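The next block holds one structure in the form of structure tokens; read it before the comments.
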Amino acid sequence: MAQMERKNKIGSNSGDRRQNRTILGRTLFLMGVFGVMAFVPLLWKLWQIQIVDHEFYEELEQKMDKEMNSFDKLMYLNYEAHSMMEEKIKVDLLSSLYSTQLVAAGQRHLLDQNRNYYKLVTKVVTEGQKRGEIRDDISVLDITRYYSMCERALVYDWCLNKGVYSLGKYSKKSMPVMMEHFKVNK
């Protein structure tokens with residue numbers, strides 16, 4: 001009798017395990033389907049932002065006065081980029097983008113050195129060093145990294161504050177202070 005009860009318990013446990021695996025499988029399937037479906041609009045918007053980002057920096061480069069001081073060019077780029085973000089990208093979407101970059105495995109888009117953004121900033125810093133307008137005792141890479149970190153910090157703070165102030169105006173005031181260490185005073 002005791003052996004029969006044990007067999008029933010064992011049989012019952014394997015049935016429970018099968019049911020649990022089935023439930024787990026279905027749950028994972030639904031999470032996958034609805035998780036992906038929930039992120040499709042976000043991914044679409046991020047793709048659009050990437051296209052806009054690419055074209056935006058190409059246009060800014062064309063608009064910039066070639067004779068403008070390189071440090072001033074960096075401040076101009078910052079103001080224009082942050083003003084565009086403020087006008088064209090909802091603060092909630094920007095917050096989502098930044099949060100996904102924090103938890104993303106592998107490549108992070110915001111740090112991708114192949115973006116037009118980084119290429120343009122690197123070009124302006126290099127030009128500034130050659131012209132004697134930006135310090136040349138610090139590498140172009142380090143200055144570019146610091147510049148982009150400052151930009152991200154300003155955007156992050158704006159997102160934390162739910163966009164209650166003008167990102168463009170605040171950046172125009174704050175970025176020169178954050179970057180003055182790299183400016184050559186003539």
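Chain labels A, B, ... are given in the sequence in which chains occur in the structure tokens; within each chain residues are numbered consecutively from 1, and ligands are likewise numbered from 1 in the order shown.
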
Show which residues sit within 6 Å of stretch 85-93 of chain A, as a short mmCIF file (atom, residue, chain, number, x, y, z; two decimals) with C-alpha atoms, in the first residue's frame. Count only C-alpha atoms, and ignore same-chain residues fewer than 3 positions away.
data_model
loop_
_atom_site.label_atom_id
_atom_site.label_comp_id
_atom_site.auth_asym_id
_atom_site.auth_seq_id
_atom_site.Cartn_x
_atom_site.Cartn_y
_atom_site.Cartn_z
CA HIS A 82 19.05 70.23 -27.80
CA SER A 96 12.71 55.65 -22.72
CA CYS A 159 14.18 64.14 -18.75
#

Selection near stretch 114-131 of chain A, 12 Å with only C-alpha atoms, sequence-local residues under 3 positions removed, as a VMD selection string: chain A and resid 50 to 62 64 to 78 81 107 to 111 134 to 149 151 179 182 to 184 186

Generate a file of the selected residues that holds C-alpha atoms, formatted as a compact mmCIF listing (two decimals), in the first residue's frame.
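Below is the file that was written, part-v1.txt:
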# COMPACT_ATOMS: atom_id res chain seq x y z
CA GLN A 50 18.13 57.84 -36.12
CA ILE A 51 17.27 58.93 -39.67
CA VAL A 52 16.45 62.48 -38.48
CA ASP A 53 19.64 62.49 -36.40
CA HIS A 54 21.73 61.56 -39.42
CA GLU A 55 20.19 64.22 -41.68
CA PHE A 56 20.09 66.82 -38.91
CA TYR A 57 23.85 66.80 -38.34
CA GLU A 58 24.54 66.88 -42.07
CA GLU A 59 22.36 69.99 -42.37
CA LEU A 60 23.95 71.64 -39.34
CA GLU A 61 27.40 71.14 -40.78
CA GLN A 62 26.30 72.85 -43.99
CA MET A 64 27.81 76.47 -39.90
CA ASP A 65 30.00 79.40 -40.81
CA LYS A 66 33.35 77.88 -41.82
CA GLU A 67 35.19 80.78 -40.18
CA MET A 68 33.37 80.47 -36.83
CA ASN A 69 35.60 79.70 -33.84
CA SER A 70 35.61 75.90 -33.32
CA PHE A 71 34.68 76.18 -29.64
CA ASP A 72 31.72 78.32 -30.68
CA LYS A 73 30.82 75.69 -33.29
CA LEU A 74 30.58 73.09 -30.54
CA MET A 75 28.30 75.38 -28.54
CA TYR A 76 26.22 76.03 -31.65
CA LEU A 77 25.87 72.28 -32.32
CA ASN A 78 24.85 71.68 -28.74
CA ALA A 81 20.67 69.65 -31.18
CA GLN A 107 26.27 48.04 -28.68
CA ARG A 108 24.75 51.23 -27.32
CA HIS A 109 23.52 53.59 -30.02
CA LEU A 110 24.28 56.73 -28.01
CA LEU A 111 27.96 55.73 -27.83
CA ILE A 134 40.76 74.14 -28.51
CA ARG A 135 43.47 72.69 -26.28
CA ASP A 136 45.73 70.21 -28.03
CA ASP A 137 47.34 68.69 -24.95
CA ILE A 138 44.19 66.56 -24.51
CA SER A 139 43.28 64.00 -27.15
CA VAL A 140 40.46 64.61 -29.62
CA LEU A 141 38.86 61.39 -28.38
CA ASP A 142 38.88 62.53 -24.73
CA ILE A 143 37.42 65.94 -25.58
CA THR A 144 34.75 64.37 -27.80
CA ARG A 145 33.82 61.88 -25.06
CA TYR A 146 33.59 64.64 -22.47
CA TYR A 147 31.51 66.82 -24.78
CA SER A 148 29.04 64.02 -25.51
CA MET A 149 28.91 63.11 -21.81
CA GLU A 151 25.29 66.69 -23.66
CA MET A 179 33.43 72.89 -21.63
CA PHE A 182 39.06 72.95 -23.27
CA LYS A 183 38.81 76.46 -24.71
CA VAL A 184 42.01 78.29 -25.66
CA LYS A 186 43.50 84.19 -27.11

Would you mind listing what lies within 8 Å of stretch 152-156 of chain A as a ChimeraX atom specification, with only C-alpha atoms counted and same-chain residues fewer than 5 positions away left out? /A:82,95,98,167,171

From a DSSP pass on the backbone, collect the residues of stretch 49-174 of chain A flagged as helix (DSSP H, G or I) and hand them back as a PyMOL selection string. chain A and resi 49-63+70-88+91-103+109-111+116-131+140-160+167-174

For C-alpha atoms, I'd like the residues from the last selection saved as a compact mmCIF listing (two decimals), in the first residue's frame.
# COMPACT_ATOMS: atom_id res chain seq x y z
CA ILE A 49 15.01 59.53 -34.77
CA GLN A 50 18.13 57.84 -36.12
CA ILE A 51 17.27 58.93 -39.67
CA VAL A 52 16.45 62.48 -38.48
CA ASP A 53 19.64 62.49 -36.40
CA HIS A 54 21.73 61.56 -39.42
CA GLU A 55 20.19 64.22 -41.68
CA PHE A 56 20.09 66.82 -38.91
CA TYR A 57 23.85 66.80 -38.34
CA GLU A 58 24.54 66.88 -42.07
CA GLU A 59 22.36 69.99 -42.37
CA LEU A 60 23.95 71.64 -39.34
CA GLU A 61 27.40 71.14 -40.78
CA GLN A 62 26.30 72.85 -43.99
CA LYS A 63 24.76 75.78 -42.09
CA SER A 70 35.61 75.90 -33.32
CA PHE A 71 34.68 76.18 -29.64
CA ASP A 72 31.72 78.32 -30.68
CA LYS A 73 30.82 75.69 -33.29
CA LEU A 74 30.58 73.09 -30.54
CA MET A 75 28.30 75.38 -28.54
CA TYR A 76 26.22 76.03 -31.65
CA LEU A 77 25.87 72.28 -32.32
CA ASN A 78 24.85 71.68 -28.74
CA TYR A 79 22.22 74.40 -28.72
CA GLU A 80 20.75 73.36 -32.07
CA ALA A 81 20.67 69.65 -31.18
CA HIS A 82 19.05 70.23 -27.80
CA SER A 83 16.54 72.67 -29.25
CA MET A 84 15.61 70.11 -31.90
CA MET A 85 15.18 67.39 -29.26
CA GLU A 86 13.00 69.67 -27.18
CA GLU A 87 10.79 70.55 -30.16
CA LYS A 88 10.56 67.22 -32.01
CA VAL A 91 10.33 63.87 -23.21
CA ASP A 92 8.80 60.46 -22.39
CA LEU A 93 10.23 58.95 -25.56
CA LEU A 94 13.65 60.46 -24.88
CA SER A 95 13.49 59.11 -21.33
CA SER A 96 12.71 55.65 -22.72
CA LEU A 97 15.60 55.88 -25.15
CA TYR A 98 18.02 56.81 -22.39
CA SER A 99 16.74 54.10 -20.06
CA THR A 100 17.03 51.40 -22.74
CA GLN A 101 20.62 52.47 -23.38
CA LEU A 102 21.41 51.87 -19.71
CA VAL A 103 20.22 48.26 -19.76
CA HIS A 109 23.52 53.59 -30.02
CA LEU A 110 24.28 56.73 -28.01
CA LEU A 111 27.96 55.73 -27.83
CA ASN A 116 27.24 61.51 -37.85
CA TYR A 117 27.02 63.22 -34.47
CA TYR A 118 30.39 61.85 -33.33
CA LYS A 119 31.98 62.35 -36.73
CA LEU A 120 30.98 66.02 -36.74
CA VAL A 121 32.02 66.70 -33.14
CA THR A 122 35.36 64.95 -33.78
CA LYS A 123 35.87 67.02 -36.93
CA VAL A 124 35.17 70.30 -35.11
CA VAL A 125 37.46 69.41 -32.18
CA THR A 126 40.27 68.39 -34.56
CA GLU A 127 39.83 71.62 -36.52
CA GLY A 128 39.84 73.61 -33.27
CA GLN A 129 43.08 72.03 -32.15
CA LYS A 130 44.73 72.80 -35.49
CA ARG A 131 43.53 76.42 -35.33
CA VAL A 140 40.46 64.61 -29.62
CA LEU A 141 38.86 61.39 -28.38
CA ASP A 142 38.88 62.53 -24.73
CA ILE A 143 37.42 65.94 -25.58
CA THR A 144 34.75 64.37 -27.80
CA ARG A 145 33.82 61.88 -25.06
CA TYR A 146 33.59 64.64 -22.47
CA TYR A 147 31.51 66.82 -24.78
CA SER A 148 29.04 64.02 -25.51
CA MET A 149 28.91 63.11 -21.81
CA CYS A 150 27.98 66.73 -20.98
CA GLU A 151 25.29 66.69 -23.66
CA ARG A 152 23.85 63.44 -22.29
CA ALA A 153 23.96 64.82 -18.75
CA LEU A 154 21.93 67.87 -19.78
CA VAL A 155 19.38 65.72 -21.62
CA TYR A 156 19.17 63.25 -18.73
CA ASP A 157 18.54 66.08 -16.26
CA TRP A 158 15.89 67.55 -18.56
CA CYS A 159 14.18 64.14 -18.75
CA LEU A 160 14.34 63.73 -14.97
CA LEU A 167 16.51 72.27 -22.87
CA GLY A 168 17.95 74.50 -25.60
CA LYS A 169 18.14 77.60 -23.40
CA TYR A 170 19.50 75.71 -20.40
CA SER A 171 22.16 74.05 -22.56
CA LYS A 172 23.13 77.38 -24.12
CA LYS A 173 23.83 78.66 -20.61
CA SER A 174 25.39 75.51 -19.11
